[in-house]
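Participant: Here you go, this is coords_28.txt (compact mmCIF, C-alpha atoms).
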```
# COMPACT_ATOMS: atom_id res chain seq x y z
CA LEU A 1 -123.41 80.43 -58.27
CA ALA A 2 -126.00 82.94 -57.06
CA GLU A 3 -129.13 81.21 -58.33
CA ASN A 4 -130.76 81.16 -54.88
CA ARG A 5 -130.80 84.99 -54.80
CA ARG A 6 -133.72 85.02 -57.23
CA SER A 7 -136.04 83.61 -54.57
CA ALA A 8 -134.68 85.85 -51.79
CA ALA A 9 -137.08 88.31 -50.18
CA ARG A 10 -134.50 91.15 -50.36
CA ARG A 11 -131.24 91.93 -52.12
CA LYS A 12 -131.95 90.13 -55.37
CA ASN A 13 -129.39 92.15 -57.31
CA ILE A 14 -126.01 90.83 -58.30
CA ALA A 15 -123.10 93.16 -57.58
CA VAL A 16 -119.99 93.26 -59.74
CA ALA A 17 -116.81 94.90 -58.49
CA SER A 18 -114.10 96.20 -60.76
CA ILE A 19 -110.61 96.94 -59.61
CA ALA A 20 -109.18 99.79 -61.69
CA ASN A 21 -105.57 100.71 -62.37
CA ILE A 22 -105.34 104.37 -61.34
CA ARG A 23 -101.64 104.82 -62.19
CA LYS A 24 -102.31 107.32 -65.01
CA ASP A 25 -104.92 109.15 -62.94
CA LEU A 26 -102.26 109.82 -60.30
CA SER A 27 -99.81 111.02 -62.99
CA VAL A 28 -97.28 108.29 -62.21
CA THR A 29 -95.33 108.23 -65.46
CA SER A 30 -91.86 107.10 -64.43
CA PRO A 31 -91.14 103.54 -65.60
CA ASP A 32 -88.85 103.21 -62.55
CA THR A 33 -91.86 103.38 -60.22
CA PHE A 34 -92.91 99.76 -60.02
CA SER A 35 -96.05 99.43 -58.02
CA ILE A 36 -99.66 98.67 -58.73
CA PHE A 37 -102.00 101.58 -58.06
CA LEU A 38 -105.54 100.34 -57.58
CA GLY A 39 -108.96 101.83 -57.07
CA TYR A 40 -112.28 100.04 -57.21
CA PHE A 41 -115.95 100.46 -57.90
CA SER A 42 -118.98 98.24 -57.96
CA VAL A 43 -122.24 98.16 -59.87
CA SER A 44 -125.39 96.13 -59.27
CA HIS A 45 -128.00 94.66 -61.54
CA LEU A 46 -131.30 92.87 -61.02
CA VAL A 47 -131.16 89.35 -62.46
CA PRO A 48 -134.66 88.68 -63.82
CA ASP A 49 -135.75 85.22 -64.97
CA GLY A 50 -134.79 84.55 -68.55
CA ILE A 51 -131.94 87.07 -68.82
CA THR A 52 -129.00 85.66 -70.75
CA LEU A 53 -125.45 85.88 -69.48
CA GLU A 54 -124.63 87.95 -72.58
CA GLN A 55 -127.35 90.52 -71.82
CA LEU A 56 -126.34 90.69 -68.16
CA VAL A 57 -122.72 91.34 -69.16
CA ARG A 58 -123.78 94.01 -71.71
CA ASP A 59 -125.89 95.81 -69.09
CA ILE A 60 -123.10 95.72 -66.53
CA HIS A 61 -120.60 96.86 -69.17
CA SER A 62 -122.80 99.86 -69.94
CA GLN A 63 -122.79 100.86 -66.25
CA THR A 64 -119.03 100.42 -65.88
CA GLU A 65 -118.27 102.44 -69.02
CA LYS A 66 -120.02 105.48 -67.53
CA ILE A 67 -118.03 105.13 -64.31
CA LYS A 68 -114.75 104.83 -66.24
CA LYS A 69 -115.60 107.73 -68.57
CA TYR A 70 -116.12 110.15 -65.68
CA LYS A 71 -113.43 108.53 -63.48
CA LEU A 72 -115.92 107.99 -60.68
CA TYR A 73 -113.76 105.12 -59.38
CA LEU A 74 -111.44 107.76 -57.88
CA ARG A 75 -114.12 108.46 -55.27
CA ALA A 76 -113.27 105.08 -53.74
CA ILE A 77 -110.05 106.52 -52.31
CA ILE A 78 -112.03 109.11 -50.37
CA ASP A 79 -114.61 106.48 -49.37
CA GLN A 80 -111.88 104.20 -48.07
CA TYR A 81 -110.31 107.00 -46.04
CA PHE A 82 -113.59 107.83 -44.29
CA SER A 83 -114.52 104.16 -43.90
CA LEU A 84 -111.26 103.42 -42.12
CA ALA A 85 -111.81 106.34 -39.77
CA LEU A 86 -115.41 105.33 -38.99
CA PHE A 87 -114.64 101.60 -38.93
CA SER A 88 -112.56 101.98 -35.78
CA PHE A 89 -115.71 103.08 -33.88
CA LEU A 90 -117.49 99.79 -34.61
CA SER A 91 -117.24 96.83 -32.26
CA PRO A 92 -115.22 93.85 -33.54
CA GLU A 93 -118.47 91.93 -34.06
CA ARG A 94 -119.99 94.77 -36.14
CA GLN A 95 -116.75 95.08 -38.13
CA LYS A 96 -117.03 91.42 -39.22
CA LYS A 97 -120.58 91.96 -40.48
CA PHE A 98 -120.14 95.37 -42.11
CA TYR A 99 -118.67 94.46 -45.51
CA PRO A 100 -120.72 91.31 -46.16
CA LYS A 101 -123.89 93.28 -45.44
CA TYR A 102 -123.19 96.47 -47.36
CA TYR A 103 -120.82 95.13 -50.04
CA PRO A 104 -122.03 91.56 -50.69
CA LEU A 105 -119.55 90.63 -53.42
CA CYS A 106 -118.68 87.14 -54.57
CA ALA A 107 -115.41 88.00 -56.30
CA GLY A 108 -113.26 90.75 -57.75
CA ILE A 109 -111.17 90.78 -60.89
CA THR A 110 -108.04 92.84 -61.40
CA ASN A 111 -106.36 92.91 -64.80
CA VAL A 112 -102.89 94.31 -65.46
CA ASN A 113 -101.17 94.30 -68.84
CA LEU A 114 -97.52 94.59 -67.87
CA GLN A 115 -96.55 94.98 -71.51
CA THR A 116 -97.88 98.54 -71.35
CA LEU A 117 -95.80 99.22 -68.22
CA TRP A 118 -92.55 97.56 -69.24
CA ASP A 119 -90.69 98.86 -72.26
CA SER A 120 -89.97 95.53 -73.96
CA THR A 121 -86.94 95.53 -76.21
CA GLY A 122 -87.88 92.15 -77.63
CA ASP A 123 -84.55 90.68 -76.52
CA ASP A 124 -85.98 88.52 -73.77
CA ASP A 125 -89.37 86.91 -74.26
CA SER A 126 -88.78 84.48 -71.38
CA ILE A 127 -89.96 86.94 -68.71
CA ASP A 128 -93.13 85.74 -67.03
CA TYR A 129 -95.08 87.26 -64.18
CA ILE A 130 -97.63 85.70 -61.87
CA ARG A 131 -99.29 87.69 -59.11
CA THR A 132 -102.00 87.39 -56.52
CA VAL A 133 -103.92 90.14 -54.79
CA SER A 134 -105.10 90.20 -51.21
CA THR A 135 -108.82 89.64 -50.85
CA GLY A 136 -109.32 92.43 -48.32
CA PRO A 137 -112.57 92.96 -46.46
CA VAL A 138 -114.69 93.80 -49.52
CA SER A 139 -114.30 90.73 -51.73
CA PRO A 140 -113.70 87.18 -50.49
CA VAL A 141 -112.26 86.08 -53.89
CA VAL A 142 -109.96 87.98 -56.23
CA PHE A 143 -108.93 86.85 -59.71
CA SER A 144 -105.61 88.48 -60.67
CA LEU A 145 -105.22 88.53 -64.46
CA THR A 146 -101.74 89.51 -65.62
CA THR A 147 -100.59 89.75 -69.23
CA VAL A 148 -96.92 89.77 -70.19
CA ASN A 149 -95.33 88.71 -73.50
CA GLY A 150 -98.72 87.70 -74.86
CA ILE A 151 -99.34 85.24 -72.01
CA LEU A 152 -102.28 85.61 -69.64
CA ASN A 153 -101.66 84.29 -66.13
CA VAL A 154 -104.49 84.00 -63.62
CA GLY A 155 -103.93 83.94 -59.87
CA VAL A 156 -106.77 83.30 -57.43
CA SER A 157 -106.82 84.48 -53.82
CA TYR A 158 -109.69 83.63 -51.52
CA ARG A 159 -110.75 83.61 -47.91
CA THR A 160 -110.91 80.14 -46.41
CA THR A 161 -113.34 81.48 -43.81
CA VAL A 162 -115.86 82.20 -46.59
CA TYR A 163 -115.32 79.45 -49.18
CA THR A 164 -114.38 75.80 -48.93
CA GLN A 165 -111.87 74.28 -51.34
CA THR A 166 -114.76 72.54 -53.15
CA GLU A 167 -116.65 75.82 -53.59
CA ILE A 168 -113.56 77.65 -54.83
CA ASN A 169 -112.82 74.86 -57.30
CA LYS A 170 -116.37 75.25 -58.67
CA ILE A 171 -115.91 79.04 -59.00
CA ILE A 172 -112.60 78.55 -60.83
CA GLU A 173 -114.15 75.87 -63.07
CA ASN A 174 -117.04 78.19 -64.03
CA PHE A 175 -114.68 81.13 -64.56
CA SER A 176 -112.46 79.02 -66.83
CA LYS A 177 -115.47 77.74 -68.77
CA TYR A 178 -116.81 81.23 -69.46
CA ILE A 179 -113.38 82.62 -70.35
CA SER A 180 -112.93 79.74 -72.82
CA CYS A 181 -116.32 80.55 -74.37
CA LEU A 182 -115.27 84.19 -74.81
CA SER A 183 -112.00 83.28 -76.50
CA THR A 184 -113.67 80.90 -78.97
CA ALA A 185 -116.45 83.43 -79.70
CA ASP A 186 -113.84 86.01 -80.78
CA ARG A 187 -112.30 83.71 -83.38
```
Could the structure of this file be written out as structure tokens, please?
Facilitator:
Amino acid sequence: LAENRRSAARRKNIAVASIANIRKDLSVTSPDTFSIFLGYFSVSHLVPDGITLEQLVRDIHSQTEKIKKYKLYLRAIIDQYFSLALFSFLSPERQKKFYPKYYPLCAGITNVNLQTLWDSTGDDDSIDYIRTVSTGPVSPVVFSLTTVNGILNVGVSYRTTVYTQTEINKIIENFSKYISCLSTADR
């Protein structure tokens, strides 16, 4: 989807955003507190000719593991606070251009395993849960992966001002294709 970036004069890197569950980091332990606590971070990587998708994913994984290990994603809360304060000083036209210029992301993925949050007694396996997440100003597409009772549900939110229905269908098709490849590779 970003093949044309290779011939660009500037900004040839691909950026990958991760949306992290920060519930444990905030010491929210009560099972009665039902809310999703999210932080985020992004990494970037040059995409040289000939790099395989597997190598690209391994390199990005290596970067994200360091961020997770040292909990650097918690800095995003402070960044967001200051950004909101400074954002109000920008003109409406500058506000529209700010995130696409400085955070040029194609999509975000948020994954929640509700089985770890809900104490399942095993009495009712019919519970299912589907969610979507607002795209916000940083990412024009968000894939919301939710696992409950061994079932993975995927919701997709996107900005119609950024992507057409045809483009979003292509993104979903590619996402599904690569997820299917991963699941068959693990067998």
Participant: Work out how far apart atom CA of Ser18 of chain A and atom CA of Gly50 of chain A are and give it in Å to one decimal.
Facilitator: 25.0 Å
Participant: How many Å separate atom CA of Ser83 of chain A from atom CA of Gln95 of chain A?
Facilitator: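 So the answer is 11.0 Å.
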Participant: Which residues are close to segment 36-40 of chain A, i.e. within 8 Å by all atoms listed in the file, leaving aside same-chain residues fewer than 2 positions away? Reply as a PyMOL selection string.
Facilitator: chain A and resi 17-23+34+42+73-74+76-77
Participant: Fewer than 5 positions away in the same chain doesn't count, so skip those; otherwise give me all residues within 9 Å of segment 55-70 of chain A, counting all atoms listed in the file, as a list in words.
Facilitator: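 What passes the distance filter is Val16, Ser18, Ala20, Phe41, Ser42, Val43, Ser44, His45, Leu46 and Val47 of chain A.
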Participant: What does the distance from atom CA of Thr132 of chain A to atom CA of Glu93 of chain A come to in Å, to one decimal?
Facilitator: 28.2 Å
Participant: Just want the 6 Å neighbourhood of Val141 of chain A, counted on only C-alpha atoms, with same-chain residues fewer than 5 positions away dropped. Output as a tab-separated table (two decimals) with C-alpha atoms, in the frame of the given file.
Facilitator:
```
chain	number	residue	atom	x	y	z
A	107	ALA	CA	-115.41	88.00	-56.30
A	135	THR	CA	-108.82	89.64	-50.85
A	157	SER	CA	-106.82	84.48	-53.82
A	158	TYR	CA	-109.69	83.63	-51.52
```
Participant: Please determine, counting all atoms listed in the file, which residue among A:Arg94, A:Ile51, A:Leu86, A:Pro140 has the shortest atom-to-atom distance to Arg159 of chain A.
Facilitator: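 The closest residue to Arg159 of chain A is A:Pro140.
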Participant: Restricting the calculation to only C-alpha atoms: of A:Leu72, A:Val162, A:Val154, A:Ala85, which residue gets closest to Thr110 of chain A?
Facilitator: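 Comparing A:Leu72, A:Val162, A:Val154, A:Ala85 against Thr110 of chain A, the winner is A:Val154.
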Participant: From the options A:Lys96, A:Arg75, A:Phe143, A:Asp25, which residue's atoms come nearest to Ile168 of chain A, counting all atoms listed in the file?
Facilitator: A:Phe143
